[in-house]
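File shown: final.cif (mmCIF, C-alpha atoms).
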```cif
data_upload
loop_
_atom_site.label_atom_id
_atom_site.label_comp_id
_atom_site.auth_asym_id
_atom_site.auth_seq_id
_atom_site.Cartn_x
_atom_site.Cartn_y
_atom_site.Cartn_z
CA MET A 4 -50.10 37.04 0.02
CA SER A 5 -48.36 35.26 -2.83
CA ASP A 6 -45.14 37.17 -2.10
CA LEU A 7 -45.38 36.23 1.57
CA LYS A 8 -45.86 32.57 0.66
CA ALA A 9 -42.75 32.72 -1.55
CA GLN A 10 -40.79 34.29 1.30
CA ILE A 11 -41.94 31.57 3.70
CA ILE A 12 -40.94 28.86 1.24
CA GLU A 13 -37.51 30.42 0.78
CA GLN A 14 -36.90 31.09 4.47
CA LEU A 15 -37.93 27.59 5.54
CA ASN A 16 -36.45 25.86 2.48
CA LEU A 17 -39.74 24.06 1.91
CA GLN A 18 -38.90 21.63 -0.83
CA GLU A 19 -41.43 20.51 -3.43
CA ILE A 20 -43.89 23.21 -2.26
CA THR A 21 -44.96 26.19 -4.38
CA PRO A 22 -46.95 29.26 -3.27
CA GLU A 23 -49.98 27.75 -5.00
CA ASN A 24 -49.77 24.71 -2.70
CA ILE A 25 -50.28 26.83 0.41
CA GLY A 26 -53.82 27.86 1.15
CA ASN A 27 -54.43 31.34 2.55
CA ASP A 28 -56.18 29.89 5.58
CA GLN A 29 -54.24 26.63 5.85
CA THR A 30 -52.83 26.22 9.34
CA LEU A 31 -49.06 26.51 9.42
CA PHE A 32 -48.20 24.51 12.52
CA SER A 33 -50.73 21.68 12.71
CA LYS A 34 -50.02 18.26 11.26
CA ASP A 35 -52.94 18.48 8.85
CA GLY A 36 -51.66 21.89 7.75
CA LEU A 37 -48.14 22.73 6.70
CA GLY A 38 -46.67 20.85 9.68
CA LEU A 39 -44.13 23.45 10.74
CA ASP A 40 -42.29 23.19 14.07
CA SER A 41 -40.73 25.42 16.72
CA ILE A 42 -37.55 26.05 14.72
CA ASP A 43 -39.74 27.24 11.84
CA ALA A 44 -41.46 29.62 14.26
CA LEU A 45 -38.09 31.23 14.98
CA GLU A 46 -37.36 31.42 11.26
CA LEU A 47 -40.72 33.17 10.69
CA ILE A 48 -39.94 35.70 13.43
CA VAL A 49 -36.66 36.46 11.65
CA LEU A 50 -38.55 36.71 8.35
CA LEU A 51 -40.83 39.40 9.78
CA GLN A 52 -37.82 41.34 11.04
CA GLN A 53 -35.80 41.02 7.83
CA HIS A 54 -38.50 41.66 5.26
CA TYR A 55 -40.94 43.90 7.12
CA ASN A 56 -38.92 45.35 9.98
CA ILE A 57 -41.53 44.09 12.42
CA ARG A 58 -40.53 42.78 15.83
CA ILE A 59 -43.04 40.75 17.78
CA ALA A 60 -43.16 42.46 21.14
CA ASN A 61 -45.41 39.97 22.88
CA PRO A 62 -44.43 36.30 22.30
CA GLU A 63 -47.87 35.20 23.46
CA GLU A 64 -49.26 36.66 20.25
CA GLY A 65 -47.22 34.14 18.24
CA PRO A 66 -49.82 31.38 17.84
CA LYS A 67 -52.39 33.93 16.63
CA ILE A 68 -50.01 35.68 14.22
CA PHE A 69 -48.57 32.50 12.75
CA HIS A 70 -51.86 30.62 12.51
CA SER A 71 -52.00 30.94 8.71
CA VAL A 72 -50.59 32.98 5.84
CA ARG A 73 -53.68 35.20 6.03
CA SER A 74 -53.17 35.92 9.76
CA MET A 75 -49.51 36.72 9.11
CA ALA A 76 -50.44 39.02 6.23
CA GLU A 77 -53.03 40.80 8.36
CA TYR A 78 -50.51 41.27 11.17
CA ILE A 79 -47.94 42.65 8.72
CA THR A 80 -50.48 45.03 7.17
CA ALA A 81 -51.69 46.24 10.57
CA ASN A 82 -48.19 46.83 11.89
CA GLN A 83 -46.88 48.47 8.76
CA THR A 84 -49.92 50.77 8.75
CA ALA A 85 -49.35 51.52 12.41
CA LYS A 86 -45.74 52.45 11.68
CA ALA A 87 -46.75 54.62 8.72
CA MET B 1204 -12.96 -10.41 22.69
CA ALA B 1205 -13.47 -10.16 18.93
CA ILE B 1206 -15.13 -7.13 17.38
CA PHE B 1207 -17.11 -7.99 14.27
CA ILE B 1208 -18.10 -5.70 11.42
CA LEU B 1209 -21.80 -6.44 10.97
CA GLY B 1210 -22.47 -4.02 8.15
CA THR B 1211 -20.89 -1.10 6.32
CA GLY B 1212 -22.15 1.93 4.45
CA CYS B 1213 -20.24 4.44 2.40
CA ILE B 1214 -21.06 7.56 0.43
CA SER B 1215 -18.11 8.83 -1.55
CA PRO B 1216 -17.03 10.25 -4.91
CA GLN B 1217 -17.43 6.68 -6.19
CA GLU B 1218 -20.77 4.92 -6.60
CA THR B 1219 -20.39 3.21 -3.26
CA ALA B 1220 -23.97 3.69 -2.11
CA GLN B 1221 -25.46 1.60 -4.89
CA GLY B 1222 -24.19 -1.79 -3.82
CA GLY B 1223 -22.96 -4.36 -6.31
CA PRO B 1224 -19.35 -5.44 -6.92
CA LEU B 1225 -16.66 -3.22 -5.43
CA LEU B 1226 -15.62 -0.42 -7.80
CA ALA B 1227 -17.07 -2.26 -10.80
CA ALA B 1228 -17.33 1.01 -12.71
CA PRO B 1229 -14.90 3.42 -11.03
CA ARG B 1230 -15.50 7.09 -11.70
CA GLU B 1231 -12.46 8.80 -13.09
CA TYR B 1232 -12.18 12.52 -12.57
CA GLU B 1233 -9.83 15.16 -13.93
CA GLN B 1234 -10.05 17.80 -11.23
CA VAL B 1235 -8.54 18.73 -7.88
CA ARG B 1236 -11.76 18.48 -5.88
CA LEU B 1237 -13.98 15.42 -5.76
CA ALA B 1238 -17.59 15.57 -4.62
CA THR B 1239 -19.71 12.68 -3.38
CA VAL B 1240 -22.05 10.80 -5.68
CA ASP B 1241 -25.23 11.32 -3.72
CA PRO B 1242 -27.95 8.69 -3.55
CA ASP B 1243 -31.60 9.69 -3.21
CA TYR B 1244 -31.62 10.67 0.46
CA LYS B 1245 -35.40 10.79 0.55
CA GLN B 1246 -35.39 7.00 0.89
CA TRP B 1247 -34.16 7.55 4.46
CA ILE B 1248 -35.16 11.09 5.38
CA ASP B 1249 -38.60 12.68 5.40
CA VAL B 1250 -38.99 15.67 3.06
CA LYS B 1251 -39.87 17.92 5.99
CA GLN B 1252 -36.63 17.02 7.77
CA ILE B 1253 -34.33 16.91 4.76
CA ARG B 1254 -34.91 20.60 4.03
CA ARG B 1255 -32.79 21.61 7.01
CA MET B 1256 -29.95 19.20 6.36
CA SER B 1257 -26.75 20.22 4.68
CA ARG B 1258 -24.88 17.79 2.45
CA VAL B 1259 -22.63 16.39 5.17
CA VAL B 1260 -25.60 15.64 7.40
CA LYS B 1261 -27.37 13.88 4.56
CA MET B 1262 -24.32 11.85 3.60
CA GLY B 1263 -23.81 10.86 7.24
CA VAL B 1264 -27.42 9.80 7.68
CA GLY B 1265 -27.27 7.96 4.35
CA ALA B 1266 -24.07 6.04 5.13
CA ALA B 1267 -25.34 5.22 8.63
CA ASN B 1268 -28.55 3.82 7.20
CA LEU B 1269 -26.69 1.79 4.58
CA SER B 1270 -24.54 0.30 7.33
CA LEU B 1271 -27.49 -0.56 9.56
CA GLU B 1272 -29.44 -2.03 6.63
CA ALA B 1273 -26.45 -4.23 5.73
CA ALA B 1274 -26.24 -5.37 9.35
CA GLY B 1275 -29.99 -5.93 9.62
CA ILE B 1276 -30.11 -3.74 12.72
CA THR B 1277 -32.65 -0.98 13.26
CA ALA B 1278 -31.58 0.33 16.66
CA PRO B 1279 -27.91 0.44 17.67
CA ASP B 1280 -27.05 0.85 21.35
CA ALA B 1281 -24.66 3.71 20.66
CA ILE B 1282 -23.75 6.11 17.87
CA ILE B 1283 -20.18 7.40 17.56
CA THR B 1284 -19.07 9.74 14.82
CA GLY B 1285 -15.73 11.21 13.90
CA THR B 1286 -15.37 14.39 11.89
CA ALA B 1287 -12.58 16.91 11.59
CA TYR B 1288 -14.45 19.69 9.84
CA GLY B 1289 -17.99 19.04 11.06
CA CYS B 1290 -20.84 20.83 9.35
CA LEU B 1291 -18.76 23.35 7.47
CA ASP B 1292 -21.42 24.48 5.05
CA ASP B 1293 -23.86 25.65 7.71
CA THR B 1294 -20.99 27.13 9.71
CA GLY B 1295 -20.15 29.21 6.63
CA VAL B 1296 -23.79 30.25 6.19
CA PHE B 1297 -24.08 31.24 9.84
CA LEU B 1298 -20.82 33.21 9.96
CA THR B 1299 -21.57 34.97 6.67
CA LYS B 1300 -24.98 36.06 7.93
CA MET B 1301 -23.40 37.18 11.19
CA VAL B 1302 -21.09 39.50 9.26
CA HIS B 1303 -23.63 40.74 6.69
CA GLN B 1304 -26.39 41.33 9.24
CA GLN B 1305 -24.22 42.91 11.93
CA GLU B 1306 -24.82 40.01 14.28
CA GLU B 1307 -28.58 40.55 14.22
CA MET B 1308 -31.57 38.59 12.93
CA LEU B 1309 -29.60 35.37 12.64
CA THR B 1310 -31.63 32.39 11.52
CA PRO B 1311 -31.64 29.46 13.93
CA THR B 1312 -31.34 26.61 11.44
CA ALA B 1313 -27.80 27.34 10.27
CA PHE B 1314 -26.66 27.83 13.87
CA ILE B 1315 -28.24 24.60 15.09
CA GLN B 1316 -26.86 22.66 12.14
CA SER B 1317 -23.34 24.07 12.33
CA THR B 1318 -22.04 22.05 15.25
CA HIS B 1319 -19.79 19.03 14.77
CA ASN B 1320 -22.15 16.64 16.55
CA THR B 1321 -25.14 17.54 14.38
CA VAL B 1322 -24.67 14.40 12.27
CA GLY B 1323 -24.59 12.02 15.22
CA GLY B 1324 -27.58 13.85 16.68
CA GLN B 1325 -29.59 13.66 13.46
CA ILE B 1326 -28.89 9.95 13.07
CA ALA B 1327 -30.05 9.40 16.67
CA LEU B 1328 -33.19 11.49 16.13
CA LEU B 1329 -34.13 9.61 12.99
CA LEU B 1330 -33.51 6.22 14.62
CA GLY B 1331 -35.04 7.20 17.95
CA CYS B 1332 -31.79 6.14 19.62
CA ASN B 1333 -31.43 7.53 23.15
CA GLY B 1334 -28.19 5.68 23.86
CA TYR B 1335 -24.60 6.87 24.09
CA ASN B 1336 -23.87 9.46 21.41
CA ASN B 1337 -20.44 10.95 21.00
CA THR B 1338 -18.54 12.81 18.31
CA PHE B 1339 -14.76 12.91 18.05
CA VAL B 1340 -13.25 16.02 16.52
CA HIS B 1341 -9.61 15.04 16.43
CA ARG B 1342 -8.51 16.18 12.99
CA GLY B 1343 -6.83 13.23 11.23
CA PHE B 1344 -7.68 10.86 14.10
CA SER B 1345 -11.39 11.64 14.28
CA PHE B 1346 -12.50 8.43 12.54
CA GLU B 1347 -9.93 6.23 14.27
CA ASN B 1348 -10.87 7.56 17.71
CA ALA B 1349 -14.53 6.89 16.98
CA LEU B 1350 -13.55 3.28 16.23
CA LEU B 1351 -11.40 3.06 19.37
CA ASP B 1352 -14.24 4.35 21.52
CA ALA B 1353 -16.62 1.83 19.96
CA ILE B 1354 -14.17 -1.02 20.58
CA MET B 1355 -13.71 -0.02 24.23
CA ILE B 1356 -17.46 0.23 24.85
CA LEU B 1357 -18.09 -3.15 23.22
CA LYS B 1358 -15.29 -4.73 25.26
CA GLU B 1359 -16.74 -3.22 28.43
CA GLY B 1360 -19.98 -4.96 27.57
CA SER B 1361 -22.10 -1.84 27.90
CA ALA B 1362 -23.37 -2.11 24.31
CA GLN B 1363 -24.05 -4.93 21.88
CA HIS B 1364 -24.24 -3.02 18.63
CA ILE B 1365 -22.54 0.27 17.90
CA LEU B 1366 -22.79 2.44 14.85
CA ALA B 1367 -19.43 4.15 14.31
CA GLY B 1368 -18.15 6.16 11.40
CA GLY B 1369 -16.27 9.09 10.01
CA LEU B 1370 -17.26 11.86 7.66
CA ASP B 1371 -16.16 15.19 6.29
CA GLU B 1372 -17.32 17.54 3.59
CA ILE B 1373 -15.52 20.11 1.54
CA THR B 1374 -17.13 23.44 0.77
CA ASN B 1375 -16.18 26.35 -1.45
CA TYR B 1376 -14.89 28.25 1.59
CA SER B 1377 -12.83 25.40 3.00
CA HIS B 1378 -11.43 24.43 -0.37
CA GLN B 1379 -10.35 27.99 -1.00
CA LEU B 1380 -8.68 28.23 2.42
CA LEU B 1381 -6.98 24.84 2.27
CA SER B 1382 -5.76 25.55 -1.27
CA ARG B 1383 -3.82 28.53 0.09
CA PHE B 1384 -1.79 26.12 2.22
CA GLY B 1385 -0.60 24.38 -0.94
CA ILE B 1386 -2.26 21.10 0.03
CA TYR B 1387 -3.82 20.54 -3.38
CA LYS B 1388 -2.39 20.29 -6.87
CA LYS B 1389 -2.35 23.48 -8.88
CA THR B 1390 -3.70 21.91 -12.05
CA PRO B 1391 -6.30 19.19 -12.60
CA VAL B 1392 -4.97 15.66 -12.67
CA LYS B 1393 -6.58 12.44 -13.86
CA THR B 1394 -7.47 10.58 -10.69
CA MET B 1395 -6.33 7.19 -12.02
CA GLU B 1396 -2.91 8.75 -12.68
CA LEU B 1397 -2.75 10.61 -9.36
CA LEU B 1398 -0.60 8.08 -7.52
CA ASN B 1399 2.16 8.36 -10.13
CA SER B 1400 2.19 12.13 -9.93
CA PRO B 1401 5.75 13.50 -9.81
CA ASP B 1402 4.97 16.64 -7.82
CA THR B 1403 3.53 17.79 -4.51
CA GLY B 1404 -0.11 18.38 -3.63
CA THR B 1405 -3.08 16.06 -3.73
CA ILE B 1406 -6.78 16.23 -4.57
CA ALA B 1407 -9.52 17.23 -2.14
CA GLY B 1408 -12.22 14.75 -1.29
CA GLU B 1409 -15.13 14.11 1.00
CA GLY B 1410 -17.35 11.31 2.12
CA ALA B 1411 -18.91 9.31 4.92
CA ALA B 1412 -18.24 5.72 5.97
CA PHE B 1413 -20.14 3.98 8.76
CA PHE B 1414 -19.67 0.60 10.38
CA THR B 1415 -22.07 -1.36 12.54
CA LEU B 1416 -19.92 -3.18 15.07
CA GLY B 1417 -20.77 -5.94 17.52
CA THR B 1418 -19.28 -8.67 19.64
CA THR B 1419 -21.07 -11.49 17.85
CA ARG B 1420 -20.99 -12.02 14.11
CA GLY B 1421 -24.04 -11.24 12.01
CA PRO B 1422 -25.34 -12.72 8.76
CA GLY B 1423 -23.40 -10.17 6.68
CA THR B 1424 -20.16 -10.32 8.65
CA VAL B 1425 -17.02 -11.01 6.66
CA ALA B 1426 -14.35 -9.41 8.84
CA MET B 1427 -13.29 -8.63 12.37
CA LEU B 1428 -11.84 -5.34 13.45
CA SER B 1429 -8.70 -6.81 14.98
CA GLY B 1430 -6.92 -3.63 15.94
CA VAL B 1431 -6.77 0.16 15.67
CA SER B 1432 -3.81 2.31 16.59
CA THR B 1433 -2.72 5.89 16.10
CA LEU B 1434 0.65 7.62 16.11
CA TYR B 1435 0.93 11.39 16.32
CA LYS B 1436 3.79 13.34 14.78
CA PRO B 1437 6.46 10.66 14.51
CA LEU B 1438 9.94 12.18 14.46
CA TRP B 1439 11.20 9.98 11.63
CA GLU B 1440 10.18 7.02 9.49
CA GLY B 1441 11.84 4.57 11.88
CA GLU B 1442 9.30 5.51 14.53
CA VAL B 1443 6.46 4.63 12.17
CA ILE B 1444 8.07 1.32 11.22
CA GLY B 1445 8.61 0.49 14.90
CA HIS B 1446 5.03 1.43 15.71
CA ILE B 1447 3.69 -0.86 12.98
CA MET B 1448 5.88 -3.74 14.22
CA LYS B 1449 4.68 -3.20 17.79
CA PHE B 1450 1.06 -2.98 16.62
CA LEU B 1451 1.34 -6.27 14.74
CA GLU B 1452 3.09 -7.96 17.69
CA ASP B 1453 0.42 -6.71 20.11
CA ASN B 1454 -2.16 -8.41 17.91
CA ASN B 1455 -0.05 -11.56 17.55
CA TYR B 1456 0.80 -10.95 13.91
CA THR B 1457 4.00 -10.60 11.92
CA PRO B 1458 4.35 -8.79 8.59
CA ALA B 1459 4.26 -12.21 6.92
CA ASP B 1460 0.71 -12.72 8.19
CA ILE B 1461 -0.53 -9.69 6.30
CA ASP B 1462 -1.99 -10.56 2.89
CA LEU B 1463 -2.61 -7.06 1.64
CA ILE B 1464 -1.68 -3.57 2.74
CA VAL B 1465 -4.04 -0.71 1.97
CA THR B 1466 -2.25 2.61 2.10
CA GLY B 1467 -3.36 6.21 2.06
CA ARG B 1468 -1.09 7.33 -0.79
CA ASN B 1469 -2.49 10.59 -2.12
CA GLY B 1470 -0.25 11.54 -5.03
CA ASP B 1471 1.79 14.10 -3.09
CA ILE B 1472 5.36 13.02 -3.68
CA ASP B 1473 6.48 14.28 -0.28
CA GLN B 1474 3.65 12.68 1.69
CA ASP B 1475 3.84 9.36 -0.15
CA GLU B 1476 7.52 8.88 0.70
CA ILE B 1477 6.70 7.33 4.08
CA TYR B 1478 4.54 4.66 2.43
CA GLU B 1479 7.49 3.72 0.22
CA GLU B 1480 9.75 3.42 3.23
CA VAL B 1481 7.28 1.38 5.26
CA ALA B 1482 6.62 -0.96 2.34
CA GLU B 1483 10.33 -1.38 1.68
CA ALA B 1484 11.12 -2.07 5.34
CA LEU B 1485 8.20 -4.32 6.31
CA PHE B 1486 6.23 -5.39 3.26
CA PRO B 1487 8.63 -5.52 0.28
CA GLU B 1488 6.83 -8.37 -1.48
CA HIS B 1489 3.31 -7.60 -0.32
CA ALA B 1490 0.49 -6.56 -2.57
CA GLU B 1491 -0.61 -2.98 -1.97
CA ALA B 1492 -3.91 -1.29 -2.70
CA CYS B 1493 -4.71 2.42 -2.41
CA PHE B 1494 -7.87 4.47 -2.06
CA LYS B 1495 -7.27 8.22 -2.01
CA HIS B 1496 -7.21 8.49 -5.81
CA LEU B 1497 -10.80 7.22 -5.56
CA CYS B 1498 -12.14 9.34 -2.70
CA GLY B 1499 -9.70 12.26 -2.43
CA GLU B 1500 -7.84 13.47 0.65
CA TYR B 1501 -9.75 14.49 3.77
CA PRO B 1502 -9.11 13.95 7.47
CA THR B 1503 -11.48 10.98 7.82
CA ALA B 1504 -10.58 9.36 4.48
CA ALA B 1505 -9.33 6.27 6.34
CA GLY B 1506 -13.01 5.41 6.72
CA PHE B 1507 -13.18 4.87 2.97
CA GLY B 1508 -10.03 2.73 3.18
CA VAL B 1509 -11.51 0.52 5.90
CA TRP B 1510 -14.80 0.26 4.02
CA MET B 1511 -12.88 -0.77 0.87
CA ALA B 1512 -10.78 -3.30 2.79
CA ASN B 1513 -13.91 -4.91 4.24
CA ALA B 1514 -15.36 -5.18 0.72
CA ILE B 1515 -12.08 -6.69 -0.56
CA ILE B 1516 -12.34 -9.38 2.11
CA ALA B 1517 -15.98 -9.99 1.15
CA GLU B 1518 -15.12 -10.40 -2.53
CA GLN B 1519 -11.65 -11.91 -1.96
CA LYS B 1520 -10.43 -9.75 -4.78
CA VAL B 1521 -8.65 -6.42 -5.15
CA PRO B 1522 -10.42 -4.36 -7.80
CA GLU B 1523 -8.20 -3.16 -10.61
CA ALA B 1524 -8.97 0.47 -9.81
CA ALA B 1525 -7.54 0.08 -6.30
CA ALA B 1526 -4.53 -2.14 -7.02
CA PHE B 1527 -1.20 -0.36 -6.72
CA PHE B 1528 1.52 -2.97 -6.41
CA GLY B 1529 1.83 -6.72 -6.70
CA ARG B 1530 -0.86 -9.34 -6.72
CA ALA B 1531 -2.79 -10.28 -3.61
CA PRO B 1532 -2.88 -13.97 -2.67
CA LYS B 1533 -5.95 -15.97 -3.63
CA LYS B 1534 -7.04 -16.07 -0.03
CA ILE B 1535 -7.08 -12.60 1.53
CA LYS B 1536 -7.35 -13.00 5.27
CA ASN B 1537 -5.51 -10.12 6.93
CA ILE B 1538 -5.51 -6.58 5.64
CA LEU B 1539 -3.52 -3.78 7.24
CA ILE B 1540 -4.73 -0.27 6.47
CA TYR B 1541 -1.98 2.27 7.02
CA ASN B 1542 -2.89 5.89 6.51
CA HIS B 1543 -1.52 9.26 7.44
CA HIS B 1544 -3.04 12.70 7.18
CA GLN B 1545 -0.74 15.63 6.51
CA GLY B 1546 2.25 13.66 7.79
CA THR B 1547 1.18 14.22 11.39
CA HIS B 1548 -1.66 11.79 12.03
CA HIS B 1549 -0.66 8.18 11.32
CA SER B 1550 -3.12 5.36 11.86
CA LEU B 1551 -3.33 1.61 11.54
CA VAL B 1552 -6.44 -0.54 11.23
CA LEU B 1553 -6.24 -4.30 11.02
CA LEU B 1554 -9.06 -6.35 9.50
CA THR B 1555 -9.19 -10.13 9.66
CA ALA B 1556 -11.49 -12.30 7.58
CA CYS B 1557 -13.79 -14.52 9.61
#
```
Have the structure of the file written as structure tokens, please.
Amino acid sequence: MSDLKAQIIEQLNLQEITPENIGNDQTLFSKDGLGLDSIDALELIVLLQQHYNIRIANPEEGPKIFHSVRSMAEYITANQTAKA
Amino acid sequence: MAIFILGTGCISPQETAQGGPLLAAPREYEQVRLATVDPDYKQWIDVKQIRRMSRVVKMGVGAANLSLEAAGITAPDAIITGTAYGCLDDTGVFLTKMVHQQEEMLTPTAFIQSTHNTVGGQIALLLGCNGYNNTFVHRGFSFENALLDAIMILKEGSAQHILAGGLDEITNYSHQLLSRFGIYKKTPVKTMELLNSPDTGTIAGEGAAFFTLGTTRGPGTVAMLSGVSTLYKPLWEGEVIGHIMKFLEDNNYTPADIDLIVTGRNGDIDQDEIYEEVAEALFPEHAEACFKHLCGEYPTAAGFGVWMANAIIAEQKVPEAAAFFGRAPKKIKNILIYNHHQGTHHSLVLLTAC
């Protein structure tokens, strides 16, 4: 999950934030979490495609997948396993 | 109807964002490409928003805020920007990714931030300004046309306060491309010696200058924007001289009324020739100040010149670093800024102390 956090920081150019600052279960899009917005959501979709070759087929799954770093990691693991 | 300059803001290769006396400690460079001296942008922009902004967006937002702070205005009625190159850096990022990734998986941020009106949009978003917002992309007239639009809107009475300005950035890509056209000098030159350079080519520059304009004077007002005019591709120097005469007449001035001329000399012996001819024909005894050795050449550099002229009126003194010829009178009331970009885009801006 640390690698994923580093990728998120790089993709979103999150300044003054390190992987250690992001909790595994911290919400990504709420104000009391990381406070990301809709443009960030698009960036995260691109991140999944670029780094993990995963395309989100159903956009309605987005809020669940991008809830936290842990939910993203679980989605990546499940989909990579499915592909394997 | 008089148009007053209520406040100005400038971010440039000089320390213009810090306030204090004009060019008290000018930065001298020995290079062919000048970069802005950036203030701490976090004083105006939230960390979460700044991460998506390229340099030109930040310098635009910074200069706009400096101008509004000087004017004591938090919400202008309109925002008008002029930029020839727009957000070049993000355009480069977007196009590079498009090539490298075979037009797939393109990130949205660089695309969104690559348009010319991004700066005006970002300023409006940060200020919460839902009013008129326009960006002029007219190469060497971008800044001047932003001013003209602001003047027309103010004279129509549809706005009381307008934030208008010009800005351009230079990137590695653009510098490389423009260098191929032979625009810049081949070897580094000391900027304070640039204007006496015996050869062709100039130095590249960048920056942002914003002006808060209104129809009534504010507490920080020192000058009125008495006139703006542009002349495209004059056939010969006589056309420029005639245009300046007509411009002065239209504003009820003669060359004798002008206390100081501020010219856009850039150290290119070919491009500076017209300034010599204009000075000889119309202003042979006038004091002359210059600015492109301080900010470099870029299509909206006249913004720096107007900003400097406003500061000269405020201080009633031409700083040594800007003085080129003669000595300005003790009372500096009327300043004519004459600039041209690449010999094709000639512009005049007249400031009057008030």
Discussion item. Can you spell out as number ranges by chain the set of residues that the PyMOL selection byres ((chain B) within 7 of (chain A)) selects in the structure I just provided?
Written reply: B: 1254, 1308, 1310-1311
Skipping near chain neighbours, those fewer than 3 positions away, what residues fall within 8 Å of Thr1418 in chain B using only C-alpha atoms, listed as a compact mmCIF listing (two decimals) with C-alpha atoms, in the coordinates of the input?
```
# COMPACT_ATOMS: atom_id res chain seq x y z
CA MET B 1204 -12.96 -10.41 22.69
CA ALA B 1205 -13.47 -10.16 18.93
CA ILE B 1206 -15.13 -7.13 17.38
CA PHE B 1207 -17.11 -7.99 14.27
CA LEU B 1357 -18.09 -3.15 23.22
CA LYS B 1358 -15.29 -4.73 25.26
CA GLN B 1363 -24.05 -4.93 21.88
CA HIS B 1364 -24.24 -3.02 18.63
```
Item to complete: Starting from the shown file, work through the PyMOL selection byres ((chain B and resi 1476-1480) around 9) and note down what comes out as a list in words.
Response: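 Applying the expression gives Glu1440, Gly1441, Val1443, Ile1444, Thr1466, Gly1467, Arg1468, Asp1471, Ile1472, Asp1473, Gln1474, Asp1475, Val1481, Ala1482, Glu1483, Ala1484, Leu1485, Tyr1541, Asn1542 and Gly1546 of chain B.
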Practice prompt. Return the single residue from A:Asn27, A:Tyr78, A:Lys8, A:Lys34 that is closest to Lys1251 in chain B, with distances computed using all atoms listed in the file.
Written response: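 Ranking A:Asn27, A:Tyr78, A:Lys8, A:Lys34 by distance to Lys1251 in chain B, first place goes to A:Lys34.
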Practice prompt. Might you pull out every residue within 12 Å of Glu64 in chain A, with all atoms listed in the file counted and same-chain residues fewer than 5 positions away left off, and present them as JSON, numbers by chain?
Written response: {"A": [48, 58, 59, 69, 70, 74, 75, 78]}
Can you write just those residues out, C-alpha atoms, as a CSV table (one decimal), keeping the file's coordinate frame?
```csv
chain,number,residue,atom,x,y,z
A,48,ILE,CA,-39.9,35.7,13.4
A,58,ARG,CA,-40.5,42.8,15.8
A,59,ILE,CA,-43.0,40.8,17.8
A,69,PHE,CA,-48.6,32.5,12.8
A,70,HIS,CA,-51.9,30.6,12.5
A,74,SER,CA,-53.2,35.9,9.8
A,75,MET,CA,-49.5,36.7,9.1
A,78,TYR,CA,-50.5,41.3,11.2
```
Hey, which bits of range 1360-1464 of chain B sit within 12 Å of range 1241-1249 of chain B, and for each residue what's the closest pair of atoms and how far apart in Å (one decimal), counting all atoms listed in the file, rows by chain and increasing number, as a tab-separated table?
```
residue	atom	partner	partner_atom	distance
B:Glu1409	CA	B:Asp1241	CA	11.5
B:Gly1410	CA	B:Asp1241	CA	9.8
B:Ala1411	CA	B:Asp1241	CA	10.9
```
Worksheet entry | Long-range neighbours of range 1289-1296 of chain B as a ChimeraX atom specification, 9 Å cut-off, all atoms listed in the file, 6 positions minimum in chain | /B:1256-1260,1312-1322,1340,1370-1377
Worksheet, complete the sentence: Here CA of Arg1255 in chain B and CA of Phe32 in chain A stand apart by 16.6 Å
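CA of Ile1214 in chain B sits 11.7 Å away from CA of Met1511 in chain B.
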Item to complete: Could you list the residues chosen by the PyMOL selection byres ((chain B and resi 1534) around 10) in this structure as a list in words?
Response: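 When the PyMOL selection byres ((chain B and resi 1534) around 10) is applied, the selected residues are Asp1462, Ile1516, Gln1519, Lys1520, Ala1531, Pro1532, Lys1533, Ile1535, Lys1536, Asn1537 and Ala1556 of chain B.
Interatomic distance, CA of Thr1503 in chain B to CA of Pro1458 in chain B: 25.3 Å.
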Cut-off 8 Å around (-53.5, 29.2, 5.3) with all atoms listed in the file: residues as a short mmCIF file (atom, residue, chain, number, x, y, z; two decimals) with C-alpha atoms, keeping the file's coordinate frame:
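Wrote it out as result28.cif, contents follow:
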```
data_model
loop_
_atom_site.label_atom_id
_atom_site.label_comp_id
_atom_site.auth_asym_id
_atom_site.auth_seq_id
_atom_site.Cartn_x
_atom_site.Cartn_y
_atom_site.Cartn_z
CA ILE A 25 -50.28 26.83 0.41
CA GLY A 26 -53.82 27.86 1.15
CA ASN A 27 -54.43 31.34 2.55
CA ASP A 28 -56.18 29.89 5.58
CA GLN A 29 -54.24 26.63 5.85
CA THR A 30 -52.83 26.22 9.34
CA LEU A 31 -49.06 26.51 9.42
CA GLY A 36 -51.66 21.89 7.75
CA HIS A 70 -51.86 30.62 12.51
CA SER A 71 -52.00 30.94 8.71
CA VAL A 72 -50.59 32.98 5.84
CA ARG A 73 -53.68 35.20 6.03
#
```
Hey, can you pull every residue with an atom no more than 6 Å from (-23.4, 2.4, 4.1), using only C-alpha atoms, and send it as a PDB file with C-alpha atoms, keeping the file's coordinate frame?
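The result, stored in part-v1.pdb:
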```
ATOM      1  CA  THR B1211     -20.890  -1.100   6.320  1.00  0.00           C
ATOM      2  CA  GLY B1212     -22.150   1.930   4.450  1.00  0.00           C
ATOM      3  CA  CYS B1213     -20.240   4.440   2.400  1.00  0.00           C
ATOM      4  CA  ALA B1266     -24.070   6.040   5.130  1.00  0.00           C
ATOM      5  CA  ALA B1267     -25.340   5.220   8.630  1.00  0.00           C
ATOM      6  CA  LEU B1269     -26.690   1.790   4.580  1.00  0.00           C
ATOM      7  CA  SER B1270     -24.540   0.300   7.330  1.00  0.00           C
ATOM      8  CA  PHE B1413     -20.140   3.980   8.760  1.00  0.00           C
TER       9      PHE B1413
END
```
